[in-house]
$ cat structure.pdb   # PDB, C-alpha atoms
ATOM      1  CA  MET A   1     102.717 113.214 133.774  1.00  0.00           C
ATOM      2  CA  ARG A   2     102.017 116.511 132.068  1.00  0.00           C
ATOM      3  CA  LEU A   3     101.905 119.792 133.989  1.00  0.00           C
ATOM      4  CA  ALA A   4     100.371 123.114 132.963  1.00  0.00           C
ATOM      5  CA  ILE A   5     101.032 126.161 135.123  1.00  0.00           C
ATOM      6  CA  PHE A   6      98.973 129.331 134.765  1.00  0.00           C
ATOM      7  CA  ASP A   7      99.081 132.820 136.211  1.00  0.00           C
ATOM      8  CA  LEU A   8      95.908 133.830 138.054  1.00  0.00           C
ATOM      9  CA  ASP A   9      95.308 137.567 137.670  1.00  0.00           C
ATOM     10  CA  GLY A  10      94.955 138.639 134.078  1.00  0.00           C
ATOM     11  CA  THR A  11      95.180 135.078 132.764  1.00  0.00           C
ATOM     12  CA  LEU A  12      92.624 132.821 134.423  1.00  0.00           C
ATOM     13  CA  VAL A  13      90.581 135.677 135.934  1.00  0.00           C
ATOM     14  CA  ASP A  14      90.047 139.376 135.221  1.00  0.00           C
ATOM     15  CA  ARG A  15      91.371 141.176 138.291  1.00  0.00           C
ATOM     16  CA  THR A  16      90.875 144.653 136.795  1.00  0.00           C
ATOM     17  CA  GLY A  17      87.085 144.592 136.634  1.00  0.00           C
ATOM     18  CA  ALA A  18      86.717 142.817 139.953  1.00  0.00           C
ATOM     19  CA  PHE A  19      89.112 145.274 141.608  1.00  0.00           C
ATOM     20  CA  ALA A  20      87.075 148.352 140.662  1.00  0.00           C
ATOM     21  CA  ASP A  21      83.866 146.673 141.872  1.00  0.00           C
ATOM     22  CA  ALA A  22      85.478 145.610 145.152  1.00  0.00           C
ATOM     23  CA  ILE A  23      86.839 149.085 145.916  1.00  0.00           C
ATOM     24  CA  THR A  24      83.545 150.763 145.062  1.00  0.00           C
ATOM     25  CA  SER A  25      81.683 148.329 147.310  1.00  0.00           C
ATOM     26  CA  LEU A  26      84.145 148.652 150.202  1.00  0.00           C
ATOM     27  CA  SER A  27      84.114 152.468 149.975  1.00  0.00           C
ATOM     28  CA  HIS A  28      80.336 152.688 149.782  1.00  0.00           C
ATOM     29  CA  ASP A  29      79.710 150.248 152.639  1.00  0.00           C
ATOM     30  CA  HIS A  30      82.114 152.116 154.936  1.00  0.00           C
ATOM     31  CA  GLY A  31      80.858 155.581 153.975  1.00  0.00           C
ATOM     32  CA  TYR A  32      84.196 156.616 152.499  1.00  0.00           C
ATOM     33  CA  GLY A  33      84.197 159.635 150.250  1.00  0.00           C
ATOM     34  CA  PRO A  34      85.740 159.987 146.815  1.00  0.00           C
ATOM     35  CA  GLU A  35      89.171 160.930 148.192  1.00  0.00           C
ATOM     36  CA  ILE A  36      89.618 157.605 150.008  1.00  0.00           C
ATOM     37  CA  GLU A  37      88.133 155.665 147.107  1.00  0.00           C
ATOM     38  CA  ARG A  38      90.588 157.313 144.682  1.00  0.00           C
ATOM     39  CA  TRP A  39      93.468 156.537 147.055  1.00  0.00           C
ATOM     40  CA  LEU A  40      92.456 152.872 147.211  1.00  0.00           C
ATOM     41  CA  LEU A  41      92.018 152.662 143.437  1.00  0.00           C
ATOM     42  CA  THR A  42      95.476 154.176 142.913  1.00  0.00           C
ATOM     43  CA  GLU A  43      97.451 152.504 145.689  1.00  0.00           C
ATOM     44  CA  LEU A  44      96.038 148.992 145.260  1.00  0.00           C
ATOM     45  CA  ALA A  45      95.767 148.998 141.461  1.00  0.00           C
ATOM     46  CA  ASP A  46      98.622 146.595 140.764  1.00  0.00           C
ATOM     47  CA  HIS A  47      98.950 144.724 144.022  1.00  0.00           C
ATOM     48  CA  ALA A  48      97.306 144.707 147.443  1.00  0.00           C
ATOM     49  CA  GLU A  49      98.410 143.389 150.795  1.00  0.00           C
ATOM     50  CA  ARG A  50      97.370 143.825 154.379  1.00  0.00           C
ATOM     51  CA  ALA A  51     100.009 146.541 155.063  1.00  0.00           C
ATOM     52  CA  ASP A  52      98.298 148.787 152.509  1.00  0.00           C
ATOM     53  CA  PHE A  53      95.474 149.236 154.964  1.00  0.00           C
ATOM     54  CA  ASP A  54      97.930 150.402 157.628  1.00  0.00           C
ATOM     55  CA  ARG A  55      99.002 153.037 155.105  1.00  0.00           C
ATOM     56  CA  LEU A  56      95.353 153.952 154.490  1.00  0.00           C
ATOM     57  CA  ARG A  57      94.808 154.438 158.221  1.00  0.00           C
ATOM     58  CA  ALA A  58      97.924 156.613 158.424  1.00  0.00           C
ATOM     59  CA  ALA A  59      96.726 158.785 155.533  1.00  0.00           C
ATOM     60  CA  PHE A  60      93.052 159.120 156.495  1.00  0.00           C
ATOM     61  CA  PRO A  61      91.010 159.133 159.706  1.00  0.00           C
ATOM     62  CA  VAL A  62      89.221 155.811 159.262  1.00  0.00           C
ATOM     63  CA  GLY A  63      87.868 154.041 162.322  1.00  0.00           C
ATOM     64  CA  GLU A  64      88.116 150.453 161.155  1.00  0.00           C
ATOM     65  CA  SER A  65      91.218 148.403 161.874  1.00  0.00           C
ATOM     66  CA  ALA A  66      93.603 147.479 159.082  1.00  0.00           C
ATOM     67  CA  ASP A  67      92.848 143.801 159.743  1.00  0.00           C
ATOM     68  CA  HIS A  68      89.120 144.406 159.321  1.00  0.00           C
ATOM     69  CA  LEU A  69      89.609 146.374 156.100  1.00  0.00           C
ATOM     70  CA  TRP A  70      91.933 143.713 154.663  1.00  0.00           C
ATOM     71  CA  ARG A  71      89.370 140.998 155.412  1.00  0.00           C
ATOM     72  CA  VAL A  72      86.585 143.068 153.824  1.00  0.00           C
ATOM     73  CA  TYR A  73      88.762 143.716 150.789  1.00  0.00           C
ATOM     74  CA  ILE A  74      89.466 139.995 150.402  1.00  0.00           C
ATOM     75  CA  ASP A  75      85.757 139.196 150.695  1.00  0.00           C
ATOM     76  CA  ARG A  76      84.793 141.892 148.177  1.00  0.00           C
ATOM     77  CA  MET A  77      87.481 140.794 145.704  1.00  0.00           C
ATOM     78  CA  ALA A  78      86.391 137.163 145.956  1.00  0.00           C
ATOM     79  CA  ALA A  79      82.730 138.131 145.510  1.00  0.00           C
ATOM     80  CA  SER A  80      83.554 140.283 142.464  1.00  0.00           C
ATOM     81  CA  MET A  81      85.882 137.770 140.799  1.00  0.00           C
ATOM     82  CA  HIS A  82      84.634 135.636 137.914  1.00  0.00           C
ATOM     83  CA  CYS A  83      86.233 133.062 135.681  1.00  0.00           C
ATOM     84  CA  ARG A  84      84.974 132.960 132.105  1.00  0.00           C
ATOM     85  CA  PRO A  85      83.171 129.727 131.209  1.00  0.00           C
ATOM     86  CA  ALA A  86      85.602 129.157 128.326  1.00  0.00           C
ATOM     87  CA  VAL A  87      88.514 129.158 130.792  1.00  0.00           C
ATOM     88  CA  LEU A  88      86.782 126.683 133.102  1.00  0.00           C
ATOM     89  CA  SER A  89      85.859 124.353 130.246  1.00  0.00           C
ATOM     90  CA  SER A  90      89.402 124.493 128.850  1.00  0.00           C
ATOM     91  CA  LEU A  91      90.829 123.546 132.237  1.00  0.00           C
ATOM     92  CA  GLU A  92      88.275 120.722 132.509  1.00  0.00           C
ATOM     93  CA  ARG A  93      89.448 119.389 129.146  1.00  0.00           C
ATOM     94  CA  LEU A  94      93.064 119.491 130.302  1.00  0.00           C
ATOM     95  CA  LYS A  95      92.143 117.563 133.470  1.00  0.00           C
ATOM     96  CA  GLU A  96      90.230 114.973 131.433  1.00  0.00           C
ATOM     97  CA  ALA A  97      93.300 114.556 129.206  1.00  0.00           C
ATOM     98  CA  GLY A  98      95.414 113.727 132.265  1.00  0.00           C
ATOM     99  CA  TRP A  99      97.127 117.055 132.866  1.00  0.00           C
ATOM    100  CA  SER A 100      97.996 118.356 136.327  1.00  0.00           C
ATOM    101  CA  ILE A 101      97.157 122.030 136.665  1.00  0.00           C
ATOM    102  CA  GLY A 102      98.978 124.535 138.837  1.00  0.00           C
ATOM    103  CA  VAL A 103      98.656 128.234 139.493  1.00  0.00           C
ATOM    104  CA  ALA A 104     101.698 130.440 140.091  1.00  0.00           C
ATOM    105  CA  THR A 105     100.672 133.912 141.199  1.00  0.00           C
ATOM    106  CA  ASN A 106     101.921 137.095 142.767  1.00  0.00           C
ATOM    107  CA  GLY A 107     100.102 138.291 145.830  1.00  0.00           C
ATOM    108  CA  ALA A 108      99.154 137.529 149.367  1.00  0.00           C
ATOM    109  CA  SER A 109      98.211 133.914 149.889  1.00  0.00           C
ATOM    110  CA  ASP A 110      94.874 134.588 151.576  1.00  0.00           C
ATOM    111  CA  ILE A 111      93.488 136.794 148.816  1.00  0.00           C
ATOM    112  CA  GLN A 112      94.762 134.618 145.958  1.00  0.00           C
ATOM    113  CA  ARG A 113      93.291 131.492 147.549  1.00  0.00           C
ATOM    114  CA  ALA A 114      89.975 133.285 148.149  1.00  0.00           C
ATOM    115  CA  LYS A 115      89.820 134.199 144.447  1.00  0.00           C
ATOM    116  CA  ILE A 116      90.526 130.616 143.432  1.00  0.00           C
ATOM    117  CA  GLN A 117      87.823 129.306 145.755  1.00  0.00           C
ATOM    118  CA  ALA A 118      85.235 131.891 144.668  1.00  0.00           C
ATOM    119  CA  THR A 119      85.690 131.265 140.943  1.00  0.00           C
ATOM    120  CA  GLY A 120      85.421 127.487 141.015  1.00  0.00           C
ATOM    121  CA  LEU A 121      89.055 127.080 140.023  1.00  0.00           C
ATOM    122  CA  SER A 122      89.782 125.198 143.245  1.00  0.00           C
ATOM    123  CA  GLU A 123      87.938 122.190 141.825  1.00  0.00           C
ATOM    124  CA  LEU A 124      90.203 122.126 138.775  1.00  0.00           C
ATOM    125  CA  ILE A 125      93.695 122.890 140.004  1.00  0.00           C
ATOM    126  CA  ASP A 126      96.119 120.613 141.766  1.00  0.00           C
ATOM    127  CA  GLY A 127      98.201 123.259 143.492  1.00  0.00           C
ATOM    128  CA  ILE A 128      98.983 126.928 143.941  1.00  0.00           C
ATOM    129  CA  ALA A 129     102.209 128.788 144.515  1.00  0.00           C
ATOM    130  CA  ALA A 130     101.530 132.330 145.728  1.00  0.00           C
ATOM    131  CA  SER A 131     104.401 134.743 146.238  1.00  0.00           C
ATOM    132  CA  GLY A 132     102.914 135.612 149.623  1.00  0.00           C
ATOM    133  CA  ASP A 133     103.681 132.058 150.760  1.00  0.00           C
ATOM    134  CA  ILE A 134     107.366 132.420 150.053  1.00  0.00           C
TER     135      ILE A 134
END
$ encode --input "structure.pdb" --output "structure tokens"
Amino acid sequence: MRLAIFDLDGTLVDRTGAFADAITSLSHDHGYGPEIERWLLTELADHAERADFDRLRAAFPVGESADHLWRVYIDRMAASMHCRPAVLSSLERLKEAGWSIGVATNGASDIQRAKIQATGLSELIDGIAASGDI
């Protein structure tokens, strides 16, 4: 058995572009001004988790719950995330050659799994290890 393990963000998918789109969408849909949008872009740039939205609520008078905002963020990130066709076809070739494919990634389990599902990677990988699971 042969095993290939890949990182998710920045390797299999482009988190950077999707992140900016997700924050812009979330901010626009909730009527947030540029100050909140800048805060989100700065504070969540490298890593995001549900507790970040508690911090947002402490810093700004937003009416939505942290749980709601986290769920919206996950949905927006998943909707904005894309996997290049060359990546998908390369993984398909590995599978056809008998390789098992895993993903090892930093981040909250729910958001990382949503990205994998939204990009079509879930059909090609055999397992995921997210730091949020540990």
$ atom_distance --input "structure.pdb" --atom1 "atom CA of A:Gly17" --atom2 "atom CA of A:Met81"
8.1 Å
$ residues_around --input "structure.pdb" --residues "A:Gln117" --least-positions-apart "2" --cutoff "12 Å" --atoms "all atoms listed in the file" --output "mmCIF file with C-alpha atoms, keeping the file's coordinate frame"
data_model
loop_
_atom_site.group_PDB
_atom_site.id
_atom_site.type_symbol
_atom_site.label_atom_id
_atom_site.label_comp_id
_atom_site.auth_asym_id
_atom_site.auth_seq_id
_atom_site.Cartn_x
_atom_site.Cartn_y
_atom_site.Cartn_z
ATOM 1 C CA ILE A 74 89.466 139.995 150.402
ATOM 2 C CA ASP A 75 85.757 139.196 150.695
ATOM 3 C CA MET A 77 87.481 140.794 145.704
ATOM 4 C CA ALA A 78 86.391 137.163 145.956
ATOM 5 C CA ALA A 79 82.730 138.131 145.510
ATOM 6 C CA MET A 81 85.882 137.770 140.799
ATOM 7 C CA HIS A 82 84.634 135.636 137.914
ATOM 8 C CA CYS A 83 86.233 133.062 135.681
ATOM 9 C CA ASP A 110 94.874 134.588 151.576
ATOM 10 C CA ILE A 111 93.488 136.794 148.816
ATOM 11 C CA GLN A 112 94.762 134.618 145.958
ATOM 12 C CA ARG A 113 93.291 131.492 147.549
ATOM 13 C CA ALA A 114 89.975 133.285 148.149
ATOM 14 C CA LYS A 115 89.820 134.199 144.447
ATOM 15 C CA THR A 119 85.690 131.265 140.943
ATOM 16 C CA GLY A 120 85.421 127.487 141.015
ATOM 17 C CA LEU A 121 89.055 127.080 140.023
ATOM 18 C CA SER A 122 89.782 125.198 143.245
ATOM 19 C CA GLU A 123 87.938 122.190 141.825
ATOM 20 C CA LEU A 124 90.203 122.126 138.775
ATOM 21 C CA ILE A 125 93.695 122.890 140.004
ATOM 22 C CA ILE A 128 98.983 126.928 143.941
#
$ residues_around --input "structure.pdb" --residues "A:Ala48" --least-positions-apart "3" --cutoff "12 Å" --atoms "all atoms listed in the file" --output "list in words"
Arg15, Phe19, Ile23, Leu40, Leu41, Thr42, Glu43, Leu44, Ala45, Ala51, Asp52, Phe53, Asp54, Arg55, Leu56, Leu69, Trp70, Arg71, Tyr73, Ile74, Met77, Asn106, Gly107, Ala108, Ser109, Asp110, Ile111, Gln112 and Gly132 of chain A
$ write_last_selection --input "structure.pdb" --atoms "C-alpha atoms" --output "JSON list (two decimals), in the frame of the given file"
[["chain", "number", "residue", "atom", "x", "y", "z"],
["A", 15, "ARG", "CA", 91.37, 141.18, 138.29],
["A", 19, "PHE", "CA", 89.11, 145.27, 141.61],
["A", 23, "ILE", "CA", 86.84, 149.08, 145.92],
["A", 40, "LEU", "CA", 92.46, 152.87, 147.21],
["A", 41, "LEU", "CA", 92.02, 152.66, 143.44],
["A", 42, "THR", "CA", 95.48, 154.18, 142.91],
["A", 43, "GLU", "CA", 97.45, 152.50, 145.69],
["A", 44, "LEU", "CA", 96.04, 148.99, 145.26],
["A", 45, "ALA", "CA", 95.77, 149.00, 141.46],
["A", 51, "ALA", "CA", 100.01, 146.54, 155.06],
["A", 52, "ASP", "CA", 98.30, 148.79, 152.51],
["A", 53, "PHE", "CA", 95.47, 149.24, 154.96],
["A", 54, "ASP", "CA", 97.93, 150.40, 157.63],
["A", 55, "ARG", "CA", 99.00, 153.04, 155.10],
["A", 56, "LEU", "CA", 95.35, 153.95, 154.49],
["A", 69, "LEU", "CA", 89.61, 146.37, 156.10],
["A", 70, "TRP", "CA", 91.93, 143.71, 154.66],
["A", 71, "ARG", "CA", 89.37, 141.00, 155.41],
["A", 73, "TYR", "CA", 88.76, 143.72, 150.79],
["A", 74, "ILE", "CA", 89.47, 140.00, 150.40],
["A", 77, "MET", "CA", 87.48, 140.79, 145.70],
["A", 106, "ASN", "CA", 101.92, 137.10, 142.77],
["A", 107, "GLY", "CA", 100.10, 138.29, 145.83],
["A", 108, "ALA", "CA", 99.15, 137.53, 149.37],
["A", 109, "SER", "CA", 98.21, 133.91, 149.89],
["A", 110, "ASP", "CA", 94.87, 134.59, 151.58],
["A", 111, "ILE", "CA", 93.49, 136.79, 148.82],
["A", 112, "GLN", "CA", 94.76, 134.62, 145.96],
["A", 132, "GLY", "CA", 102.91, 135.61, 149.62]]
$ closest_residue --input "structure.pdb" --among "A:Lys95, A:Arg50, A:Arg84, A:Arg38" --to "A:Ala20" --atoms "all atoms listed in the file"
A:Arg38
$ axis_aligned_box --input "structure.pdb" --around "stretch 81-96 of chain A" --padding-each-side "3 Å" --output "JSON"
{"center_x": 88.1, "center_y": 126.4, "center_z": 134.6, "size_x": 15.9, "size_y": 28.8, "size_z": 18.5}
$ resolve_selection --input "structure.pdb" --expression "the PyMOL selection byres ((chain A and resi 98) around 12)" --output "list of chain:residue names"
A:Met1, A:Arg2, A:Leu3, A:Ala4, A:Leu91, A:Glu92, A:Arg93, A:Leu94, A:Lys95, A:Glu96, A:Ala97, A:Trp99, A:Ser100, A:Ile101, A:Leu124, A:Asp126
$ atom_distance --input "structure.pdb" --atom1 "atom CA of A:Gly31" --atom2 "atom CA of A:Val62"
9.9 Å
$ closest_residue --input "structure.pdb" --among "A:Val103, A:Gly63, A:Gly10, A:Pro85" --to "A:Ile116" --atoms "only C-alpha atoms"
A:Val103
$ atom_distance --input "structure.pdb" --atom1 "atom CA of A:Pro61" --atom2 "atom CA of A:Glu35"
11.8 Å
$ closest_residue --input "structure.pdb" --among "A:Asp7, A:His47, A:Gly33, A:Ala18" --to "A:Ala118" --atoms "only C-alpha atoms"
A:Ala18
$ residues_around --input "structure.pdb" --residues "A:Ile36" --least-positions-apart "4" --cutoff "8 Å" --atoms "only C-alpha atoms" --output "PyMOL selection string"
chain A and resi 27+32+40+60
$ closest_residue --input "structure.pdb" --among "A:Val13, A:Ile134, A:Val72, A:Ala59" --to "A:Ala86" --atoms "only C-alpha atoms"
A:Val13
$ decode --input "structure.pdb" --residues "stretch 38-52 of chain A" --atoms "all heavy atoms" --output "PDB file, in the first residue's frame"
ATOM      1  N   ARG A  38     -12.338  45.017   7.754  1.00  0.00           N
ATOM      2  CA  ARG A  38     -10.876  45.050   7.937  1.00  0.00           C
ATOM      3  C   ARG A  38     -10.462  44.199   9.128  1.00  0.00           C
ATOM      4  O   ARG A  38      -9.459  43.484   9.077  1.00  0.00           O
ATOM      5  CB  ARG A  38     -10.385  46.487   8.132  1.00  0.00           C
ATOM      6  CG  ARG A  38     -10.100  47.228   6.848  1.00  0.00           C
ATOM      7  CD  ARG A  38      -9.346  48.521   7.090  1.00  0.00           C
ATOM      8  NE  ARG A  38     -10.000  49.420   8.042  1.00  0.00           N
ATOM      9  CZ  ARG A  38     -10.960  50.310   7.716  1.00  0.00           C
ATOM     10  NH1 ARG A  38     -11.347  50.418   6.474  1.00  0.00           N
ATOM     11  NH2 ARG A  38     -11.487  51.078   8.634  1.00  0.00           N
ATOM     12  N   TRP A  39     -11.225  44.266  10.224  1.00  0.00           N
ATOM     13  CA  TRP A  39     -10.919  43.469  11.404  1.00  0.00           C
ATOM     14  C   TRP A  39     -10.942  41.982  11.047  1.00  0.00           C
ATOM     15  O   TRP A  39     -10.030  41.237  11.396  1.00  0.00           O
ATOM     16  CB  TRP A  39     -11.919  43.770  12.528  1.00  0.00           C
ATOM     17  CG  TRP A  39     -11.603  43.135  13.828  1.00  0.00           C
ATOM     18  CD1 TRP A  39     -10.912  43.691  14.865  1.00  0.00           C
ATOM     19  CD2 TRP A  39     -11.969  41.807  14.272  1.00  0.00           C
ATOM     20  NE1 TRP A  39     -10.817  42.804  15.920  1.00  0.00           N
ATOM     21  CE2 TRP A  39     -11.462  41.637  15.578  1.00  0.00           C
ATOM     22  CE3 TRP A  39     -12.667  40.758  13.701  1.00  0.00           C
ATOM     23  CZ2 TRP A  39     -11.634  40.467  16.313  1.00  0.00           C
ATOM     24  CZ3 TRP A  39     -12.835  39.595  14.428  1.00  0.00           C
ATOM     25  CH2 TRP A  39     -12.334  39.444  15.714  1.00  0.00           C
ATOM     26  N   LEU A  40     -11.997  41.563  10.361  1.00  0.00           N
ATOM     27  CA  LEU A  40     -12.116  40.156   9.965  1.00  0.00           C
ATOM     28  C   LEU A  40     -10.966  39.744   9.051  1.00  0.00           C
ATOM     29  O   LEU A  40     -10.374  38.675   9.231  1.00  0.00           O
ATOM     30  CB  LEU A  40     -13.460  39.905   9.273  1.00  0.00           C
ATOM     31  CG  LEU A  40     -14.693  39.966  10.163  1.00  0.00           C
ATOM     32  CD1 LEU A  40     -15.967  40.042   9.318  1.00  0.00           C
ATOM     33  CD2 LEU A  40     -14.737  38.782  11.112  1.00  0.00           C
ATOM     34  N   LEU A  41     -10.648  40.585   8.075  1.00  0.00           N
ATOM     35  CA  LEU A  41      -9.561  40.268   7.148  1.00  0.00           C
ATOM     36  C   LEU A  41      -8.222  40.143   7.874  1.00  0.00           C
ATOM     37  O   LEU A  41      -7.391  39.306   7.522  1.00  0.00           O
ATOM     38  CB  LEU A  41      -9.465  41.323   6.048  1.00  0.00           C
ATOM     39  CG  LEU A  41     -10.550  41.263   4.987  1.00  0.00           C
ATOM     40  CD1 LEU A  41     -10.526  42.524   4.122  1.00  0.00           C
ATOM     41  CD2 LEU A  41     -10.423  40.013   4.131  1.00  0.00           C
ATOM     42  N   THR A  42      -8.016  40.953   8.893  1.00  0.00           N
ATOM     43  CA  THR A  42      -6.767  40.924   9.656  1.00  0.00           C
ATOM     44  C   THR A  42      -6.740  39.767  10.642  1.00  0.00           C
ATOM     45  O   THR A  42      -5.787  38.979  10.680  1.00  0.00           O
ATOM     46  CB  THR A  42      -6.571  42.253  10.415  1.00  0.00           C
ATOM     47  OG1 THR A  42      -6.545  43.320   9.463  1.00  0.00           O
ATOM     48  CG2 THR A  42      -5.285  42.244  11.216  1.00  0.00           C
ATOM     49  N   GLU A  43      -7.782  39.647  11.433  1.00  0.00           N
ATOM     50  CA  GLU A  43      -7.802  38.673  12.530  1.00  0.00           C
ATOM     51  C   GLU A  43      -7.936  37.220  12.066  1.00  0.00           C
ATOM     52  O   GLU A  43      -7.488  36.312  12.756  1.00  0.00           O
ATOM     53  CB  GLU A  43      -8.921  39.011  13.513  1.00  0.00           C
ATOM     54  CG  GLU A  43      -8.736  40.335  14.222  1.00  0.00           C
ATOM     55  CD  GLU A  43      -7.498  40.380  15.088  1.00  0.00           C
ATOM     56  OE1 GLU A  43      -7.240  39.396  15.819  1.00  0.00           O
ATOM     57  OE2 GLU A  43      -6.780  41.399  15.048  1.00  0.00           O
ATOM     58  N   LEU A  44      -8.569  37.003  10.930  1.00  0.00           N
ATOM     59  CA  LEU A  44      -8.795  35.637  10.453  1.00  0.00           C
ATOM     60  C   LEU A  44      -7.877  35.261   9.287  1.00  0.00           C
ATOM     61  O   LEU A  44      -8.040  34.198   8.699  1.00  0.00           O
ATOM     62  CB  LEU A  44     -10.258  35.464  10.020  1.00  0.00           C
ATOM     63  CG  LEU A  44     -11.338  35.875  11.020  1.00  0.00           C
ATOM     64  CD1 LEU A  44     -12.717  35.570  10.470  1.00  0.00           C
ATOM     65  CD2 LEU A  44     -11.144  35.232  12.366  1.00  0.00           C
ATOM     66  N   ALA A  45      -6.919  36.113   8.981  1.00  0.00           N
ATOM     67  CA  ALA A  45      -6.087  35.919   7.788  1.00  0.00           C
ATOM     68  C   ALA A  45      -5.370  34.579   7.763  1.00  0.00           C
ATOM     69  O   ALA A  45      -5.333  33.910   6.732  1.00  0.00           O
ATOM     70  CB  ALA A  45      -5.077  37.058   7.664  1.00  0.00           C
ATOM     71  N   ASP A  46      -4.794  34.176   8.870  1.00  0.00           N
ATOM     72  CA  ASP A  46      -4.009  32.938   8.886  1.00  0.00           C
ATOM     73  C   ASP A  46      -4.790  31.728   9.355  1.00  0.00           C
ATOM     74  O   ASP A  46      -4.474  30.599   8.995  1.00  0.00           O
ATOM     75  CB  ASP A  46      -2.774  33.102   9.780  1.00  0.00           C
ATOM     76  CG  ASP A  46      -1.810  34.121   9.216  1.00  0.00           C
ATOM     77  OD1 ASP A  46      -1.681  34.216   7.986  1.00  0.00           O
ATOM     78  OD2 ASP A  46      -1.195  34.844  10.021  1.00  0.00           O
ATOM     79  N   HIS A  47      -5.796  31.967  10.184  1.00  0.00           N
ATOM     80  CA  HIS A  47      -6.489  30.866  10.831  1.00  0.00           C
ATOM     81  C   HIS A  47      -7.805  31.406  11.394  1.00  0.00           C
ATOM     82  O   HIS A  47      -7.839  32.513  11.904  1.00  0.00           O
ATOM     83  CB  HIS A  47      -5.597  30.326  11.961  1.00  0.00           C
ATOM     84  CG  HIS A  47      -6.195  29.232  12.747  1.00  0.00           C
ATOM     85  ND1 HIS A  47      -6.227  27.935  12.303  1.00  0.00           N
ATOM     86  CD2 HIS A  47      -6.793  29.224  13.958  1.00  0.00           C
ATOM     87  CE1 HIS A  47      -6.807  27.180  13.219  1.00  0.00           C
ATOM     88  NE2 HIS A  47      -7.167  27.944  14.236  1.00  0.00           N
ATOM     89  N   ALA A  48      -8.850  30.639  11.298  1.00  0.00           N
ATOM     90  CA  ALA A  48     -10.139  31.059  11.854  1.00  0.00           C
ATOM     91  C   ALA A  48     -10.742  29.926  12.662  1.00  0.00           C
ATOM     92  O   ALA A  48     -10.606  28.756  12.313  1.00  0.00           O
ATOM     93  CB  ALA A  48     -11.093  31.461  10.738  1.00  0.00           C
ATOM     94  N   GLU A  49     -11.388  30.296  13.742  1.00  0.00           N
ATOM     95  CA  GLU A  49     -12.128  29.329  14.546  1.00  0.00           C
ATOM     96  C   GLU A  49     -13.336  30.031  15.148  1.00  0.00           C
ATOM     97  O   GLU A  49     -13.449  31.257  15.114  1.00  0.00           O
ATOM     98  CB  GLU A  49     -11.245  28.706  15.621  1.00  0.00           C
ATOM     99  CG  GLU A  49     -10.589  29.700  16.539  1.00  0.00           C
ATOM    100  CD  GLU A  49      -9.557  29.055  17.441  1.00  0.00           C
ATOM    101  OE1 GLU A  49      -8.826  28.156  17.000  1.00  0.00           O
ATOM    102  OE2 GLU A  49      -9.506  29.465  18.604  1.00  0.00           O
ATOM    103  N   ARG A  50     -14.212  29.262  15.707  1.00  0.00           N
ATOM    104  CA  ARG A  50     -15.460  29.805  16.213  1.00  0.00           C
ATOM    105  C   ARG A  50     -15.240  30.904  17.254  1.00  0.00           C
ATOM    106  O   ARG A  50     -15.941  31.912  17.284  1.00  0.00           O
ATOM    107  CB  ARG A  50     -16.299  28.663  16.793  1.00  0.00           C
ATOM    108  CG  ARG A  50     -17.726  29.093  17.047  1.00  0.00           C
ATOM    109  CD  ARG A  50     -18.018  28.913  18.513  1.00  0.00           C
ATOM    110  NE  ARG A  50     -19.199  29.509  19.005  1.00  0.00           N
ATOM    111  CZ  ARG A  50     -19.148  30.551  19.838  1.00  0.00           C
ATOM    112  NH1 ARG A  50     -18.032  31.147  20.121  1.00  0.00           N
ATOM    113  NH2 ARG A  50     -20.247  31.006  20.378  1.00  0.00           N
ATOM    114  N   ALA A  51     -14.240  30.772  18.120  1.00  0.00           N
ATOM    115  CA  ALA A  51     -13.967  31.757  19.174  1.00  0.00           C
ATOM    116  C   ALA A  51     -13.621  33.137  18.615  1.00  0.00           C
ATOM    117  O   ALA A  51     -13.809  34.150  19.299  1.00  0.00           O
ATOM    118  CB  ALA A  51     -12.841  31.263  20.083  1.00  0.00           C
ATOM    119  N   ASP A  52     -13.152  33.195  17.378  1.00  0.00           N
ATOM    120  CA  ASP A  52     -12.865  34.489  16.762  1.00  0.00           C
ATOM    121  C   ASP A  52     -14.118  35.348  16.668  1.00  0.00           C
ATOM    122  O   ASP A  52     -14.048  36.575  16.744  1.00  0.00           O
ATOM    123  CB  ASP A  52     -12.259  34.304  15.366  1.00  0.00           C
ATOM    124  CG  ASP A  52     -10.885  33.669  15.422  1.00  0.00           C
ATOM    125  OD1 ASP A  52     -10.094  34.032  16.324  1.00  0.00           O
ATOM    126  OD2 ASP A  52     -10.607  32.802  14.576  1.00  0.00           O
TER     127      ASP A  52
END
